[in-house]
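The structure appears right after this line, and notes come after that.
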Amino acid sequence: MSAAISQSENAGAGRFIDRLAGRVMLLEGLPRVLAAIAAGALATLALPPIDFPASAFVAFPVLVWLLDGIGARQTLLRTLLADFWIGWLFGFGYFVAGLWWLGSAMLVDAAAFAVFIPFAVLGLPAVCAVYFGLSTMLARRFWSHSAFRILVLAASFGLFEWLRSFVLTGFPWNEIGVLAAPTPMLMQSVSLVGIHGISLLAVFVFAAPAVLADRHGRVPVVTLAVLIAAGHIGYGYVRLAANPTKFVDGTRVSVVQANIPQSDKFDEAAAQKIFARQIAVTEKGREARPAKPEQGTGAKIVETAPQERTLIVWAESSLPFILTERPEAIARLADMIEPGEMLIAGAPRIETLASGRERLYNSVLVIDDNGEIVDARDKVHLVPFGEYMPFGRFFESLGIMNLSQMPGGFSAGSAHDPVPIDGSPSFLPLVCYEAIFPAEIAPSIAKDRPGFLVNDTNDGWFGNTPGPYQHLRLAELSAVALGLPLIRAANTGISVVTDAYGREIDALALGATGTIESALPAAAPATPYSRLRNLPFFVLLVASFAISVSIWLFISRQLD
């Protein structure tokens, strides 16, 4: 009796999905356009700060059914355009809903930049959606009536998400894999296959409900999707359980979040006020600092140092002037930094060339307790239109300047190099946007592996929007992929200290003012991703395409 009821329920669920799929497939005109855009927008509910992955289990099946509903066209070009159009609409909805907050950056200096809000809110999403359109266009070349069609869709998305990470300098913001990683437990797979590998697998799993009513290949495809999801969850659980948080003996961090409005940073008269606030918040944090490193539950001391050192970390552009041109500021820093402390601060840096020309860099300075700059690293991966203008001379001739309002913009640094610290592990500084490019970071640490990452950033441009939450998640995923703790100082938030597995030791909320006082988490052993980089992803990619194309060829021959 119970078996009969179960079969009836399963049949009922199958009929419901079959009817729903049929209705979506038969949509035409404006309803079809709106369905594709709405499905893409719905998927963004899985992004921070909402973190609701269940939405993707609706969004991607709708995409599959819309692709199923594309009828034959008179010419190959018309067919390709129809295949591209559905993916582009889905991507446009995804990127508009996921990136609308970029418009708030234009309002910091509205008189100069408000005119560019449509480009930020609609233009950039339209460009990013091209990758999704190319994904569906490629997938449809090997589309079949088998449930295995979602495998070629997953492979196509994986390929174009990888391309999105570096083509035209790269913009891998909110890659699909992020939808499957809302918690530390669900981030751990990135240490094996990287974020592109997670994107490929995520599309396959999210799209699996679309094939529940299929007649051919449903059981193996759904079974594989369940196994992948279980493996993703299980691996994260086991990895976290087997690796409790450990700390470095003798080293602490003091992460300063001064919470300075972005509009103040454009006011030269406010520079001294900003500097004074940074110092005041730092010194107040020192007053609350425990005399000895605290050990959290389950923590172990795994390294030793001859004496305790405290690393004070300030956010990107926390020094609102060229420090070497301000001897009084150097003297004040020497007075603030106590013996055993070291300041890691974001600041502009000028380099004078032999020709007499000057280059401006967005840098991280390392300053000792004598007020001396003992090391510095320059930002390598700059933000187009934010820190420099492509075709800069042309745009500047029209009176259009980058958002940082620096004539000529910043220059790019030469390489990512760890910074050594006497008596403490070395660190790799990453300025803002650089933290979302783990593939660029991995080669730099292959021979000289640092003890932790320092991400100096300033998300004050984006106010109280999803932007800072998304940026944090991307930085955390990079840190987990590389197996390194993340020390993140953000001007207005969100500042965090995480261990090498993405678990937050402490954090300061968006818009808060204060410091994080913490022992320094220890690095994990080098991860497969940090050693092999994207090789595991490419293996997945090739295997997925090979299986998909083989099944497509087999079915095509059966129908001939």
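By order in the structure tokens, chains are A, B, ...; within a chain, residues start at 1; ligands start at 1, following the order shown.
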Leaving out stretch 420-429 of chain A and any residue of its chain fewer than 4 positions from it, which residues lie within 10 Å of it when counting only C-alpha atoms, given as an mmCIF file with N, CA, C and O atoms, in the first residue's frame?
data_model
loop_
_atom_site.group_PDB
_atom_site.id
_atom_site.type_symbol
_atom_site.label_atom_id
_atom_site.label_comp_id
_atom_site.auth_asym_id
_atom_site.auth_seq_id
_atom_site.Cartn_x
_atom_site.Cartn_y
_atom_site.Cartn_z
ATOM 1 N N VAL A 248 49.032 30.997 15.128
ATOM 2 C CA VAL A 248 50.486 31.169 15.183
ATOM 3 C C VAL A 248 50.854 31.776 16.533
ATOM 4 O O VAL A 248 50.319 32.812 16.926
ATOM 5 N N ASP A 249 51.758 31.145 17.224
ATOM 6 C CA ASP A 249 52.204 31.670 18.516
ATOM 7 C C ASP A 249 53.058 32.917 18.299
ATOM 8 O O ASP A 249 53.928 32.948 17.429
ATOM 9 N N GLY A 250 52.779 33.955 19.075
ATOM 10 C CA GLY A 250 53.638 35.134 19.067
ATOM 11 C C GLY A 250 53.254 36.203 18.072
ATOM 12 O O GLY A 250 53.947 37.215 17.970
ATOM 13 N N THR A 251 52.169 36.017 17.315
ATOM 14 C CA THR A 251 51.758 37.037 16.348
ATOM 15 C C THR A 251 50.270 37.310 16.475
ATOM 16 O O THR A 251 49.459 36.391 16.469
ATOM 17 N N ARG A 252 49.939 38.585 16.598
ATOM 18 C CA ARG A 252 48.554 39.017 16.644
ATOM 19 C C ARG A 252 48.294 39.996 15.518
ATOM 20 O O ARG A 252 49.227 40.573 14.951
ATOM 21 N N GLU A 303 53.078 27.134 15.754
ATOM 22 C CA GLU A 303 54.343 27.724 15.383
ATOM 23 C C GLU A 303 54.825 28.572 16.554
ATOM 24 O O GLU A 303 54.057 28.952 17.428
ATOM 25 N N THR A 304 56.092 28.884 16.554
ATOM 26 C CA THR A 304 56.636 29.676 17.643
ATOM 27 C C THR A 304 57.384 30.865 17.076
ATOM 28 O O THR A 304 57.899 30.844 15.967
ATOM 29 N N ALA A 305 57.451 31.939 17.851
ATOM 30 C CA ALA A 305 58.211 33.128 17.494
ATOM 31 C C ALA A 305 58.893 33.619 18.754
ATOM 32 O O ALA A 305 58.398 33.414 19.867
ATOM 33 N N PRO A 306 60.040 34.288 18.624
ATOM 34 C CA PRO A 306 60.791 34.672 19.816
ATOM 35 C C PRO A 306 60.089 35.688 20.689
ATOM 36 O O PRO A 306 60.268 35.711 21.888
ATOM 37 N N GLN A 307 59.256 36.544 20.117
ATOM 38 C CA GLN A 307 58.536 37.519 20.921
ATOM 39 C C GLN A 307 57.241 37.877 20.212
ATOM 40 O O GLN A 307 57.094 37.657 19.024
ATOM 41 N N GLU A 308 56.312 38.403 20.986
ATOM 42 C CA GLU A 308 55.024 38.714 20.390
ATOM 43 C C GLU A 308 55.115 39.935 19.482
ATOM 44 O O GLU A 308 55.756 40.933 19.819
ATOM 45 N N ARG A 309 54.501 39.817 18.331
ATOM 46 C CA ARG A 309 54.434 40.926 17.384
ATOM 47 C C ARG A 309 52.969 41.173 17.050
ATOM 48 O O ARG A 309 52.198 40.234 16.887
ATOM 49 N N THR A 310 52.602 42.434 16.935
ATOM 50 C CA THR A 310 51.254 42.796 16.529
ATOM 51 C C THR A 310 51.307 43.501 15.185
ATOM 52 O O THR A 310 52.049 44.478 15.017
ATOM 53 N N LEU A 311 50.529 43.007 14.252
ATOM 54 C CA LEU A 311 50.443 43.598 12.919
ATOM 55 C C LEU A 311 49.162 44.414 12.842
ATOM 56 O O LEU A 311 48.056 43.870 12.912
ATOM 57 N N MET A 342 53.845 46.566 13.945
ATOM 58 C CA MET A 342 54.143 46.942 12.567
ATOM 59 C C MET A 342 52.830 47.323 11.895
ATOM 60 O O MET A 342 51.813 46.670 12.092
ATOM 61 N N ILE A 344 50.583 47.862 8.543
ATOM 62 C CA ILE A 344 50.366 47.516 7.131
ATOM 63 C C ILE A 344 49.220 48.390 6.657
ATOM 64 O O ILE A 344 48.084 48.223 7.104
ATOM 65 N N GLY A 346 47.168 50.740 3.462
ATOM 66 C CA GLY A 346 46.946 51.101 2.073
ATOM 67 C C GLY A 346 47.204 52.577 1.869
ATOM 68 O O GLY A 346 46.746 53.411 2.656
ATOM 69 N N SER A 363 49.048 51.294 -3.378
ATOM 70 C CA SER A 363 50.020 50.406 -2.741
ATOM 71 C C SER A 363 49.641 50.015 -1.322
ATOM 72 O O SER A 363 48.722 50.569 -0.722
ATOM 73 N N VAL A 364 50.395 49.053 -0.824
ATOM 74 C CA VAL A 364 50.373 48.669 0.581
ATOM 75 C C VAL A 364 51.761 48.956 1.134
ATOM 76 O O VAL A 364 52.767 48.444 0.613
ATOM 77 N N LEU A 365 51.829 49.783 2.172
ATOM 78 C CA LEU A 365 53.095 50.128 2.808
ATOM 79 C C LEU A 365 53.250 49.358 4.106
ATOM 80 O O LEU A 365 52.275 49.150 4.831
ATOM 81 N N VAL A 366 54.468 48.936 4.400
ATOM 82 C CA VAL A 366 54.773 48.268 5.660
ATOM 83 C C VAL A 366 55.693 49.199 6.445
ATOM 84 O O VAL A 366 56.794 49.533 5.984
ATOM 85 N N VAL A 374 59.491 50.046 5.502
ATOM 86 C CA VAL A 374 60.474 48.972 5.333
ATOM 87 C C VAL A 374 60.170 48.088 4.132
ATOM 88 O O VAL A 374 61.015 47.298 3.697
ATOM 89 N N ASP A 375 58.958 48.199 3.596
ATOM 90 C CA ASP A 375 58.610 47.417 2.416
ATOM 91 C C ASP A 375 57.333 48.008 1.810
ATOM 92 O O ASP A 375 56.615 48.767 2.473
ATOM 93 N N ALA A 376 57.090 47.677 0.569
ATOM 94 C CA ALA A 376 55.883 48.150 -0.107
ATOM 95 C C ALA A 376 55.574 47.214 -1.258
ATOM 96 O O ALA A 376 56.463 46.599 -1.847
ATOM 97 N N ARG A 377 54.290 47.097 -1.574
ATOM 98 C CA ARG A 377 53.839 46.340 -2.732
ATOM 99 C C ARG A 377 52.767 47.159 -3.451
ATOM 100 O O ARG A 377 51.922 47.792 -2.810
ATOM 101 N N ASP A 378 52.814 47.113 -4.768
ATOM 102 C CA ASP A 378 51.884 47.887 -5.589
ATOM 103 C C ASP A 378 50.786 46.997 -6.149
ATOM 104 O O ASP A 378 51.018 45.822 -6.471
ATOM 105 N N LYS A 379 49.606 47.554 -6.292
ATOM 106 C CA LYS A 379 48.484 46.815 -6.854
ATOM 107 C C LYS A 379 48.792 46.448 -8.300
ATOM 108 O O LYS A 379 49.158 47.307 -9.109
ATOM 109 N N HIS A 416 52.910 40.007 -7.922
ATOM 110 C CA HIS A 416 52.501 39.705 -6.550
ATOM 111 C C HIS A 416 53.677 39.015 -5.846
ATOM 112 O O HIS A 416 54.097 37.927 -6.250
ATOM 113 N N GLU A 434 41.908 42.718 -6.348
ATOM 114 C CA GLU A 434 42.865 41.649 -6.629
ATOM 115 C C GLU A 434 42.503 40.338 -5.944
ATOM 116 O O GLU A 434 42.879 39.262 -6.417
ATOM 117 N N ALA A 435 41.782 40.415 -4.855
ATOM 118 C CA ALA A 435 41.477 39.218 -4.069
ATOM 119 C C ALA A 435 40.497 38.287 -4.758
ATOM 120 O O ALA A 435 40.300 37.161 -4.292
ATOM 121 N N ILE A 441 46.957 34.794 -8.328
ATOM 122 C CA ILE A 441 47.711 34.760 -7.073
ATOM 123 C C ILE A 441 48.516 33.471 -6.959
ATOM 124 O O ILE A 441 49.662 33.474 -6.491
ATOM 125 N N SER A 444 52.236 33.143 -7.853
ATOM 126 C CA SER A 444 53.112 33.974 -7.029
ATOM 127 C C SER A 444 53.510 33.287 -5.734
ATOM 128 O O SER A 444 54.539 33.609 -5.144
ATOM 129 N N ILE A 445 52.666 32.361 -5.261
ATOM 130 C CA ILE A 445 52.946 31.732 -3.977
ATOM 131 C C ILE A 445 53.438 30.299 -4.133
ATOM 132 O O ILE A 445 53.635 29.600 -3.141
ATOM 133 N N ASP A 448 57.191 30.616 -3.036
ATOM 134 C CA ASP A 448 57.365 31.331 -1.766
ATOM 135 C C ASP A 448 56.000 31.468 -1.116
ATOM 136 O O ASP A 448 55.354 32.511 -1.206
ATOM 137 N N ARG A 449 55.559 30.405 -0.472
ATOM 138 C CA ARG A 449 54.210 30.375 0.099
ATOM 139 C C ARG A 449 54.138 31.237 1.349
ATOM 140 O O ARG A 449 54.864 30.995 2.326
ATOM 141 N N PRO A 450 53.258 32.251 1.369
ATOM 142 C CA PRO A 450 53.142 33.109 2.559
ATOM 143 C C PRO A 450 52.341 32.427 3.655
ATOM 144 O O PRO A 450 51.734 31.375 3.452
ATOM 145 N N GLY A 451 52.307 33.070 4.818
ATOM 146 C CA GLY A 451 51.545 32.528 5.933
ATOM 147 C C GLY A 451 50.099 32.979 5.936
ATOM 148 O O GLY A 451 49.250 32.326 6.546
ATOM 149 N N PHE A 452 49.805 34.094 5.249
ATOM 150 C CA PHE A 452 48.427 34.597 5.230
ATOM 151 C C PHE A 452 48.281 35.647 4.142
ATOM 152 O O PHE A 452 49.280 36.127 3.576
ATOM 153 N N LEU A 453 47.029 35.963 3.831
ATOM 154 C CA LEU A 453 46.697 37.016 2.880
ATOM 155 C C LEU A 453 46.238 38.258 3.633
ATOM 156 O O LEU A 453 45.508 38.154 4.617
ATOM 157 N N VAL A 454 46.649 39.418 3.164
ATOM 158 C CA VAL A 454 46.118 40.687 3.661
ATOM 159 C C VAL A 454 45.372 41.352 2.509
ATOM 160 O O VAL A 454 45.960 41.640 1.466
ATOM 161 N N ASN A 455 44.082 41.555 2.697
ATOM 162 C CA ASN A 455 43.260 42.206 1.683
ATOM 163 C C ASN A 455 42.844 43.578 2.197
ATOM 164 O O ASN A 455 41.938 43.709 3.007
ATOM 165 N N ASP A 456 43.565 44.609 1.722
ATOM 166 C CA ASP A 456 43.187 45.989 2.022
ATOM 167 C C ASP A 456 42.179 46.436 0.980
ATOM 168 O O ASP A 456 42.442 46.336 -0.227
ATOM 169 N N LEU A 484 44.904 29.650 2.765
ATOM 170 C CA LEU A 484 45.582 30.682 3.556
ATOM 171 C C LEU A 484 44.568 31.489 4.369
ATOM 172 O O LEU A 484 43.454 31.750 3.896
ATOM 173 N N PRO A 485 44.929 31.892 5.578
ATOM 174 C CA PRO A 485 44.060 32.783 6.357
ATOM 175 C C PRO A 485 43.880 34.108 5.631
ATOM 176 O O PRO A 485 44.755 34.541 4.864
ATOM 177 N N LEU A 486 42.773 34.764 5.889
ATOM 178 C CA LEU A 486 42.459 36.051 5.284
ATOM 179 C C LEU A 486 42.346 37.113 6.369
ATOM 180 O O LEU A 486 41.532 36.990 7.283
ATOM 181 N N ILE A 487 43.181 38.129 6.254
ATOM 182 C CA ILE A 487 43.099 39.302 7.133
ATOM 183 C C ILE A 487 42.612 40.436 6.251
ATOM 184 O O ILE A 487 43.346 40.911 5.384
ATOM 185 N N ARG A 488 41.392 40.857 6.471
ATOM 186 C CA ARG A 488 40.769 41.812 5.547
ATOM 187 C C ARG A 488 40.399 43.095 6.287
ATOM 188 O O ARG A 488 39.592 43.079 7.222
ATOM 189 N N LEU A 520 46.835 35.426 15.110
ATOM 190 C CA LEU A 520 46.954 35.163 13.679
ATOM 191 C C LEU A 520 46.684 33.687 13.401
ATOM 192 O O LEU A 520 47.390 32.820 13.909
ATOM 193 N N ALA A 522 46.820 30.115 11.570
ATOM 194 C CA ALA A 522 47.901 29.447 10.852
ATOM 195 C C ALA A 522 47.446 29.021 9.463
ATOM 196 O O ALA A 522 46.263 28.747 9.232
ATOM 197 N N ALA A 523 48.383 28.952 8.537
ATOM 198 C CA ALA A 523 48.085 28.502 7.172
ATOM 199 C C ALA A 523 47.826 27.001 7.152
ATOM 200 O O ALA A 523 48.330 26.253 7.984
#
*asked:* What parts of stretch 183-371 of chain A does DSSP call helix (DSSP H, G or I)? I'd like the answer as an MDAnalysis selection string.
replied: chainID A and resid 184:186 190:211 218:242 262:266 268:287 323:325 327:336
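Atom CA of A:Val539 sits 19.3 Å away from atom CA of A:Tyr235.
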*With distances taken over only C-alpha atoms, which of A:Met137, A:Gly98, A:Val167, A:Leu42 is nearest to A:Arg78?*
A:Met137
Do a neighbour search on A:Ala489 at 6 Å with only C-alpha atoms, toss out local chain neighbours closer than 3 positions, and write the hits as a short mmCIF file (atom, residue, chain, number, x, y, z; two decimals) with all heavy atoms, in the first residue's frame.
data_model
loop_
_atom_site.label_atom_id
_atom_site.label_comp_id
_atom_site.auth_asym_id
_atom_site.auth_seq_id
_atom_site.Cartn_x
_atom_site.Cartn_y
_atom_site.Cartn_z
N VAL A 255 43.01 44.68 13.21
CA VAL A 255 42.42 45.13 11.94
C VAL A 255 41.55 46.34 12.21
O VAL A 255 40.60 46.27 13.00
CB VAL A 255 41.60 44.00 11.29
CG1 VAL A 255 41.05 44.46 9.95
CG2 VAL A 255 42.45 42.75 11.11
N TRP A 314 45.58 48.54 8.23
CA TRP A 314 44.67 49.61 7.81
C TRP A 314 44.16 49.31 6.40
O TRP A 314 44.81 48.61 5.63
CB TRP A 314 45.39 50.97 7.82
CG TRP A 314 45.63 51.54 9.18
CD1 TRP A 314 45.39 50.94 10.38
CD2 TRP A 314 46.19 52.82 9.48
NE1 TRP A 314 45.75 51.78 11.42
CE2 TRP A 314 46.25 52.94 10.89
CE3 TRP A 314 46.65 53.89 8.71
CZ2 TRP A 314 46.74 54.07 11.53
CZ3 TRP A 314 47.14 55.03 9.32
CH2 TRP A 314 47.18 55.12 10.73
N ALA A 315 43.03 49.89 6.05
CA ALA A 315 42.36 49.60 4.79
C ALA A 315 43.05 50.27 3.60
O ALA A 315 43.98 51.07 3.75
CB ALA A 315 40.90 50.04 4.87
N ASP A 456 43.56 44.61 1.72
CA ASP A 456 43.19 45.99 2.02
C ASP A 456 42.18 46.44 0.98
O ASP A 456 42.44 46.34 -0.23
CB ASP A 456 44.41 46.90 1.95
CG ASP A 456 45.28 46.80 3.19
OD1 ASP A 456 44.89 46.10 4.13
OD2 ASP A 456 46.36 47.41 3.21
N SER A 495 35.20 44.09 7.51
CA SER A 495 36.53 43.62 7.88
C SER A 495 36.40 42.28 8.60
O SER A 495 35.49 42.08 9.40
CB SER A 495 37.22 44.63 8.80
OG SER A 495 37.37 45.88 8.15
#
*Pick from A:Ala54, A:Ala242, A:Ala154, A:Ile117: nearest to A:Ser199, with only C-alpha atoms counted?*
A:Ala154
